[in-house]
Amino acid sequence: MAGEVVIRIRGLVNGFDGTIIHDHIDLDVCRGEVLGVVGGSGTGKSVLLRSIVGLNRPLAGSIRVLGKETAEIDNENLKGLQLRWGVLFQEGALFSSLTVAQNIQVPMRRWTNMSQHVMDELTAVKLTLVGLPPDAARKHPSELSGGMKKRAGLARALALDPEILFLDEPTSGLDPISAAHFDELIKNLKTSLGLTVFMVTHDLDSLKAVTDRIAVLVDRKIRVGTIQTLVNDSNPWIHEYFTGPRGRAALAG
Amino acid sequence: MRNLPPVVVIRVPATLRTEIARERLRIVAGGEWIVPEVPRLDGLLKALPVTGAQSAEIDASGVDALDSAGAWLLVRTAQDLARRKVRVERLTVPERYATLLSAISGTETDASLNMHPPTPSFRHFLERLGRGTEHVGRQAWDLTGFLGRVVVETFEAILSPRRELPIPAFVHQLEETGLTALPIVGLLAFLLGIVLTYQGADQLKRFGAQIYTIDFLGIGFLRELGGLVTAIIVAGRSGSAFTAQIGTMRVNEETDAMQTIGLNITEILVVPRVLGLMIALPLLTFYADVVGIIGGMVMTYFDLGITIPAFMRELSSAITLKTLLVGLVKAPVFAFVIALVGCFEGMRVERNAASVGRLTTRSVVESIFLIIALDAGFSVLFSILGV
């Protein structure tokens, strides 16, 4: 892959209670690409994402996002980054006491001094972008369905036009139709906003639909490639993943 | 206004130029149209001079950068002009931003106007008052229903030979609510004994009747305070735990799973807690009575110089077994109420984590309220009976 490296991981080690999850992982994510991260349960997909955004302190290694070190949890380092990335957590992680509109405006209030009117207008823009109806703005998260929560969470992640978008299992818990729409949405956003997307997922259809490259976490290491190269990987888990019944069905389509 | 950290460096400040020639408005945008520039550009665009223009052209083909906020300003300007009967002939942006512009141009502006819920009014206040009142009534009704159910299930569990009392769960509850509460109940009872003695002695000294401090302490603690304080601690400690435990099980759908398997939720979750607490609380109350008296004894020794044998003599003449029993008889009733409310609120938890917290708080407040109300009721009853 050519292009500027926006996330650069070197020698990352993560582990809990004596169990090593990531053993000296290296990974580069380039500007403008969609990287899918897959792996079996407990292989540390979410831990990897959390390490990159500074929510989890790794045991060793370096993670540079847009040239800034996030492996050391240091607010000064993260400060400039927090408005250059957006994170969509698994269940949306919307602030339950705020309406959807207020949720989307939290990053705007934190990092800009736009007037309320402009923020309201931009909120309408973001809602349109993620495909939510305008009347969703006034609702509280508890009034939304799972898919709408994810869309609202995405709108909040996109509030400040981030350069990098992190998605933690964006299509899990959605019905196949909503999941397909979500894939489409991410693809469109990527082209229209020029996003770099780091996407943890289990969804083979999503992988095929939106990712440029795939990183597989297996045996505490990481393998990176495209679907075509990974299908022929010698590792039994990776082979099974892409050529098992579900993998074949997804890739055939 | 927040202190905006210099995180996004604006390399080329956004520019906006307008010219009107032959009833044609030309708006030329340049520089970086991105979020940090939006507040300034918003003001400039709002004050755009359009008088006399019949048609307009927005030329943003020279911008160095454009994000969705900047793109929105362009789209909004075009929409505004159209609303003011100015025909927008063209809106041009660099090729790489064309998809962004088309993604944004579908936004409905009217939506932004009623985005926030209306501010509370007097009517809103009245509505809440009404809802609250109705809620209290309904709550009391439901709690009564639950009371009946628990009583029936408890007796069935004890009496019916077919159904077995869940002994291990019961013993576990006894330990959780009784044994582990000993340190905190003991400490608080001891301190309360000291406080009570100090205040009593201080007042009675003025009449030279300081020896009656012991009567005051003995009767006050055994009849009222020991039981009340223990019940309140247990309500905060175990009543809340009941709500949180059962509530978490409801969030996890464990109670639903029990139901589909055909288990009796009340029998498994509620009966052991109710029975366990009804045994544990009287024991704790007795323990608190003893420790409280010891606390008072220590205080009378240091404050009034009354020796331990003298304290014992005075105490034994002041109190009888009846004094102790009058206090203790209330404990099972308090325990029943605490466990009942705790389990009841736990059962009402909805399938989200927030409701666990809300109902746990409510459970504690309700059970403490009921304890004090019942205690007042007991006082009235005892005074009528002349106990």
# chains A, B, ... in the order shown; residues from 1 in each chain; ligands from 1
call {"tool": "interface_residues", "arguments": {"of": "chain A", "to": "chain B", "cutoff": "8 Å", "atoms": "only C-alpha atoms", "output": "NGL selection string"}}
result
:A and (79-80 or 101 or 110-115 or 117-118 or 120-125 or 128-129 or 134-135 or 137-138 or 160-161 or 191-193)
call {"tool": "select_by_dssp", "arguments": {"residues": "segment 74-191 of chain A", "states": "strand (DSSP E)", "output": "list of chain:residue names"}}
result
A:Trp85, A:Gly86, A:Val87, A:Leu88, A:Ile164, A:Leu165, A:Phe166, A:Leu167, A:Asp168
call {"tool": "write_last_selection", "arguments": {"atoms": "N, CA and C atoms", "output": "PDB file, in the first residue's frame"}}
result
ATOM      1  N   TRP A  85      -9.955  12.093  15.310  1.00  0.00           N
ATOM      2  CA  TRP A  85     -10.482  10.745  15.132  1.00  0.00           C
ATOM      3  C   TRP A  85     -11.885  10.687  15.695  1.00  0.00           C
ATOM      4  N   GLY A  86     -12.635   9.702  15.257  1.00  0.00           N
ATOM      5  CA  GLY A  86     -13.965   9.456  15.809  1.00  0.00           C
ATOM      6  C   GLY A  86     -14.061   7.984  16.122  1.00  0.00           C
ATOM      7  N   VAL A  87     -14.696   7.650  17.239  1.00  0.00           N
ATOM      8  CA  VAL A  87     -14.803   6.255  17.627  1.00  0.00           C
ATOM      9  C   VAL A  87     -16.276   5.874  17.751  1.00  0.00           C
ATOM     10  N   LEU A  88     -16.644   4.796  17.090  1.00  0.00           N
ATOM     11  CA  LEU A  88     -17.995   4.257  17.269  1.00  0.00           C
ATOM     12  C   LEU A  88     -17.875   2.983  18.097  1.00  0.00           C
ATOM     13  N   ILE A 164      -9.644   9.881  10.967  1.00  0.00           N
ATOM     14  CA  ILE A 164      -9.681   8.430  11.144  1.00  0.00           C
ATOM     15  C   ILE A 164     -10.965   8.065  11.881  1.00  0.00           C
ATOM     16  N   LEU A 165     -11.607   7.023  11.393  1.00  0.00           N
ATOM     17  CA  LEU A 165     -12.815   6.556  12.049  1.00  0.00           C
ATOM     18  C   LEU A 165     -12.564   5.144  12.570  1.00  0.00           C
ATOM     19  N   PHE A 166     -12.804   4.948  13.872  1.00  0.00           N
ATOM     20  CA  PHE A 166     -12.654   3.619  14.456  1.00  0.00           C
ATOM     21  C   PHE A 166     -14.038   3.033  14.657  1.00  0.00           C
ATOM     22  N   LEU A 167     -14.227   1.817  14.191  1.00  0.00           N
ATOM     23  CA  LEU A 167     -15.536   1.176  14.334  1.00  0.00           C
ATOM     24  C   LEU A 167     -15.346  -0.144  15.053  1.00  0.00           C
ATOM     25  N   ASP A 168     -16.060  -0.336  16.134  1.00  0.00           N
ATOM     26  CA  ASP A 168     -15.973  -1.597  16.866  1.00  0.00           C
ATOM     27  C   ASP A 168     -17.230  -2.415  16.561  1.00  0.00           C
TER      28      ASP A 168
END
call {"tool": "residues_around", "arguments": {"residues": "segment 337-342 of chain B", "least_positions_apart": "5", "cutoff": "9 Å", "atoms": "only C-alpha atoms", "output": "number ranges by chain"}}
result
B: 143, 146-147, 150, 231, 234-235, 238-244, 246, 270, 273-275, 277-278, 332, 347, 360, 363-364, 366-368, 370-371
call {"tool": "write_last_selection", "arguments": {"atoms": "C-alpha atoms", "output": "PDB file, in the first residue's frame"}}
result
ATOM      1  CA  LEU B 143     -46.281  -3.479  46.349  1.00  0.00           C
ATOM      2  CA  PHE B 146     -46.287  -8.401  45.694  1.00  0.00           C
ATOM      3  CA  LEU B 147     -46.724  -8.640  49.464  1.00  0.00           C
ATOM      4  CA  VAL B 150     -44.618 -13.359  48.786  1.00  0.00           C
ATOM      5  CA  ALA B 231     -32.862  -1.578  60.326  1.00  0.00           C
ATOM      6  CA  VAL B 234     -29.488  -3.051  56.835  1.00  0.00           C
ATOM      7  CA  ALA B 235     -31.860  -1.279  54.466  1.00  0.00           C
ATOM      8  CA  SER B 238     -28.884  -5.453  52.163  1.00  0.00           C
ATOM      9  CA  GLY B 239     -32.059  -3.911  50.749  1.00  0.00           C
ATOM     10  CA  SER B 240     -30.011  -2.159  48.085  1.00  0.00           C
ATOM     11  CA  ALA B 241     -28.053  -5.349  47.452  1.00  0.00           C
ATOM     12  CA  PHE B 242     -31.292  -7.283  46.889  1.00  0.00           C
ATOM     13  CA  THR B 243     -32.456  -4.771  44.305  1.00  0.00           C
ATOM     14  CA  ALA B 244     -29.084  -4.685  42.578  1.00  0.00           C
ATOM     15  CA  ILE B 246     -32.178  -9.237  41.234  1.00  0.00           C
ATOM     16  CA  VAL B 270     -37.477 -13.756  47.052  1.00  0.00           C
ATOM     17  CA  ARG B 273     -34.018 -13.324  51.079  1.00  0.00           C
ATOM     18  CA  VAL B 274     -37.162 -12.560  53.032  1.00  0.00           C
ATOM     19  CA  LEU B 275     -36.728 -15.445  55.463  1.00  0.00           C
ATOM     20  CA  LEU B 277     -33.372 -11.269  56.661  1.00  0.00           C
ATOM     21  CA  MET B 278     -36.241 -11.962  59.065  1.00  0.00           C
ATOM     22  CA  PRO B 332     -38.800  -9.111  61.959  1.00  0.00           C
ATOM     23  CA  MET B 347     -38.182  -7.274  39.915  1.00  0.00           C
ATOM     24  CA  THR B 360     -31.673   0.605  43.865  1.00  0.00           C
ATOM     25  CA  SER B 363     -35.531   0.789  47.073  1.00  0.00           C
ATOM     26  CA  VAL B 364     -33.384   2.231  49.874  1.00  0.00           C
ATOM     27  CA  GLU B 366     -38.682   3.513  50.208  1.00  0.00           C
ATOM     28  CA  SER B 367     -37.621   0.956  52.775  1.00  0.00           C
ATOM     29  CA  ILE B 368     -36.187   3.584  55.137  1.00  0.00           C
ATOM     30  CA  LEU B 370     -41.480   2.524  55.545  1.00  0.00           C
ATOM     31  CA  ILE B 371     -39.297   1.580  58.531  1.00  0.00           C
TER      32      ILE B 371
END
call {"tool": "residues_around", "arguments": {"residues": "Phe216 of chain B", "least_positions_apart": "6", "cutoff": "12 Å", "atoms": "only C-alpha atoms", "output": "PyMOL selection string"}}
result
chain B and resi 193+196-201+203-204+209-210+222-225+293+296+300+314-315+318-319
call {"tool": "write_last_selection", "arguments": {"atoms": "N, CA and C atoms", "output": "JSON list (two decimals), in the first residue's frame"}}
result
[["chain", "number", "residue", "atom", "x", "y", "z"],
["B", 193, "GLY", "N", -24.22, 4.69, 71.22],
["B", 193, "GLY", "CA", -24.30, 4.58, 72.67],
["B", 193, "GLY", "C", -23.53, 5.71, 73.35],
["B", 196, "LEU", "N", -25.42, 9.11, 72.72],
["B", 196, "LEU", "CA", -26.65, 9.18, 73.51],
["B", 196, "LEU", "C", -26.34, 9.45, 74.98],
["B", 197, "THR", "N", -25.36, 8.75, 75.50],
["B", 197, "THR", "CA", -24.98, 8.90, 76.91],
["B", 197, "THR", "C", -24.47, 10.31, 77.17],
["B", 198, "TYR", "N", -23.64, 10.78, 76.25],
["B", 198, "TYR", "CA", -23.08, 12.12, 76.43],
["B", 198, "TYR", "C", -24.18, 13.17, 76.48],
["B", 199, "GLN", "N", -25.12, 13.10, 75.54],
["B", 199, "GLN", "CA", -26.20, 14.08, 75.51],
["B", 199, "GLN", "C", -27.10, 13.95, 76.73],
["B", 200, "GLY", "N", -27.42, 12.71, 77.10],
["B", 200, "GLY", "CA", -28.28, 12.48, 78.26],
["B", 200, "GLY", "C", -27.63, 13.00, 79.53],
["B", 201, "ALA", "N", -26.36, 12.65, 79.70],
["B", 201, "ALA", "CA", -25.65, 13.05, 80.91],
["B", 201, "ALA", "C", -25.59, 14.56, 81.02],
["B", 203, "GLN", "N", -27.63, 16.84, 79.98],
["B", 203, "GLN", "CA", -28.89, 17.45, 80.40],
["B", 203, "GLN", "C", -29.22, 17.08, 81.85],
["B", 204, "LEU", "N", -29.08, 15.79, 82.17],
["B", 204, "LEU", "CA", -29.51, 15.31, 83.49],
["B", 204, "LEU", "C", -28.62, 15.82, 84.61],
["B", 209, "ALA", "N", -29.26, 14.57, 88.36],
["B", 209, "ALA", "CA", -29.86, 13.24, 88.18],
["B", 209, "ALA", "C", -29.06, 12.43, 87.17],
["B", 210, "GLN", "N", -27.74, 12.63, 87.18],
["B", 210, "GLN", "CA", -26.96, 11.98, 86.12],
["B", 210, "GLN", "C", -27.04, 10.46, 86.15],
["B", 222, "LEU", "N", -32.78, 0.16, 73.87],
["B", 222, "LEU", "CA", -33.41, -1.15, 73.67],
["B", 222, "LEU", "C", -34.76, -1.02, 72.99],
["B", 223, "ARG", "N", -35.54, -0.03, 73.41],
["B", 223, "ARG", "CA", -36.90, 0.07, 72.86],
["B", 223, "ARG", "C", -36.92, 0.63, 71.44],
["B", 224, "GLU", "N", -36.11, 1.68, 71.21],
["B", 224, "GLU", "CA", -36.22, 2.38, 69.93],
["B", 224, "GLU", "C", -34.97, 2.30, 69.05],
["B", 225, "LEU", "N", -33.92, 2.91, 69.59],
["B", 225, "LEU", "CA", -32.81, 3.24, 68.68],
["B", 225, "LEU", "C", -32.08, 2.04, 68.13],
["B", 293, "ILE", "N", -25.15, -0.56, 74.53],
["B", 293, "ILE", "CA", -25.10, -0.41, 75.99],
["B", 293, "ILE", "C", -23.64, -0.36, 76.46],
["B", 296, "GLY", "N", -22.35, 3.02, 75.86],
["B", 296, "GLY", "CA", -22.84, 3.93, 76.89],
["B", 296, "GLY", "C", -22.10, 3.74, 78.20],
["B", 300, "THR", "N", -20.24, 6.53, 80.32],
["B", 300, "THR", "CA", -20.59, 6.93, 81.70],
["B", 300, "THR", "C", -19.39, 6.81, 82.61],
["B", 314, "GLU", "N", -27.70, -0.19, 88.24],
["B", 314, "GLU", "CA", -28.69, 0.78, 87.82],
["B", 314, "GLU", "C", -29.45, 0.28, 86.58],
["B", 315, "LEU", "N", -28.68, -0.31, 85.66],
["B", 315, "LEU", "CA", -29.30, -0.79, 84.42],
["B", 315, "LEU", "C", -30.33, -1.89, 84.71],
["B", 318, "ALA", "N", -33.41, -0.52, 85.85],
["B", 318, "ALA", "CA", -34.13, 0.33, 84.89],
["B", 318, "ALA", "C", -34.86, -0.49, 83.85],
["B", 319, "ILE", "N", -34.26, -1.56, 83.39],
["B", 319, "ILE", "CA", -34.87, -2.30, 82.29],
["B", 319, "ILE", "C", -35.29, -3.70, 82.73]]
call {"tool": "residues_around", "arguments": {"residues": "Pro168 of chain B", "least_positions_apart": "5", "cutoff": "12 Å", "atoms": "only C-alpha atoms", "output": "list in words"}}
result
Gln173, Leu174, Glu175, Ile268, Pro272, Arg273 and Gly276 of chain B
call {"tool": "decode", "arguments": {"residues": "segment 124-139 of chain B", "atoms": "N, CA and C atoms", "output": "PDB file, in the first residue's frame"}}
result
ATOM      1  N   HIS B 124     -46.078  21.912  32.437  1.00  0.00           N
ATOM      2  CA  HIS B 124     -45.193  20.751  32.492  1.00  0.00           C
ATOM      3  C   HIS B 124     -45.027  20.303  33.949  1.00  0.00           C
ATOM      4  N   PHE B 125     -44.893  21.313  34.830  1.00  0.00           N
ATOM      5  CA  PHE B 125     -44.738  21.014  36.262  1.00  0.00           C
ATOM      6  C   PHE B 125     -45.969  20.277  36.787  1.00  0.00           C
ATOM      7  N   LEU B 126     -47.150  20.806  36.421  1.00  0.00           N
ATOM      8  CA  LEU B 126     -48.402  20.177  36.874  1.00  0.00           C
ATOM      9  C   LEU B 126     -48.504  18.750  36.355  1.00  0.00           C
ATOM     10  N   GLU B 127     -48.083  18.597  35.099  1.00  0.00           N
ATOM     11  CA  GLU B 127     -48.151  17.274  34.487  1.00  0.00           C
ATOM     12  C   GLU B 127     -47.281  16.294  35.267  1.00  0.00           C
ATOM     13  N   ARG B 128     -46.092  16.767  35.631  1.00  0.00           N
ATOM     14  CA  ARG B 128     -45.177  15.899  36.381  1.00  0.00           C
ATOM     15  C   ARG B 128     -45.735  15.560  37.750  1.00  0.00           C
ATOM     16  N   LEU B 129     -46.364  16.574  38.363  1.00  0.00           N
ATOM     17  CA  LEU B 129     -46.964  16.353  39.691  1.00  0.00           C
ATOM     18  C   LEU B 129     -48.027  15.262  39.599  1.00  0.00           C
ATOM     19  N   GLY B 130     -48.856  15.388  38.563  1.00  0.00           N
ATOM     20  CA  GLY B 130     -49.913  14.397  38.374  1.00  0.00           C
ATOM     21  C   GLY B 130     -49.351  13.011  38.139  1.00  0.00           C
ATOM     22  N   ARG B 131     -48.385  12.948  37.252  1.00  0.00           N
ATOM     23  CA  ARG B 131     -47.755  11.660  36.964  1.00  0.00           C
ATOM     24  C   ARG B 131     -47.151  11.061  38.225  1.00  0.00           C
ATOM     25  N   GLY B 132     -46.468  11.915  39.004  1.00  0.00           N
ATOM     26  CA  GLY B 132     -45.815  11.459  40.231  1.00  0.00           C
ATOM     27  C   GLY B 132     -46.829  10.885  41.203  1.00  0.00           C
ATOM     28  N   THR B 133     -47.954  11.594  41.344  1.00  0.00           N
ATOM     29  CA  THR B 133     -48.978  11.139  42.281  1.00  0.00           C
ATOM     30  C   THR B 133     -49.540   9.800  41.844  1.00  0.00           C
ATOM     31  N   GLU B 134     -49.830   9.717  40.549  1.00  0.00           N
ATOM     32  CA  GLU B 134     -50.360   8.468  40.026  1.00  0.00           C
ATOM     33  C   GLU B 134     -49.361   7.340  40.248  1.00  0.00           C
ATOM     34  N   HIS B 135     -48.079   7.691  40.054  1.00  0.00           N
ATOM     35  CA  HIS B 135     -47.021   6.683  40.194  1.00  0.00           C
ATOM     36  C   HIS B 135     -46.966   6.146  41.627  1.00  0.00           C
ATOM     37  N   VAL B 136     -47.073   7.058  42.611  1.00  0.00           N
ATOM     38  CA  VAL B 136     -47.020   6.637  44.014  1.00  0.00           C
ATOM     39  C   VAL B 136     -48.170   5.677  44.312  1.00  0.00           C
ATOM     40  N   GLY B 137     -49.368   6.038  43.817  1.00  0.00           N
ATOM     41  CA  GLY B 137     -50.522   5.179  44.050  1.00  0.00           C
ATOM     42  C   GLY B 137     -50.338   3.805  43.435  1.00  0.00           C
ATOM     43  N   ARG B 138     -49.886   3.802  42.192  1.00  0.00           N
ATOM     44  CA  ARG B 138     -49.692   2.547  41.500  1.00  0.00           C
ATOM     45  C   ARG B 138     -48.633   1.685  42.199  1.00  0.00           C
ATOM     46  N   GLN B 139     -47.577   2.375  42.650  1.00  0.00           N
ATOM     47  CA  GLN B 139     -46.483   1.694  43.334  1.00  0.00           C
ATOM     48  C   GLN B 139     -47.003   0.992  44.588  1.00  0.00           C
TER      49      GLN B 139
END
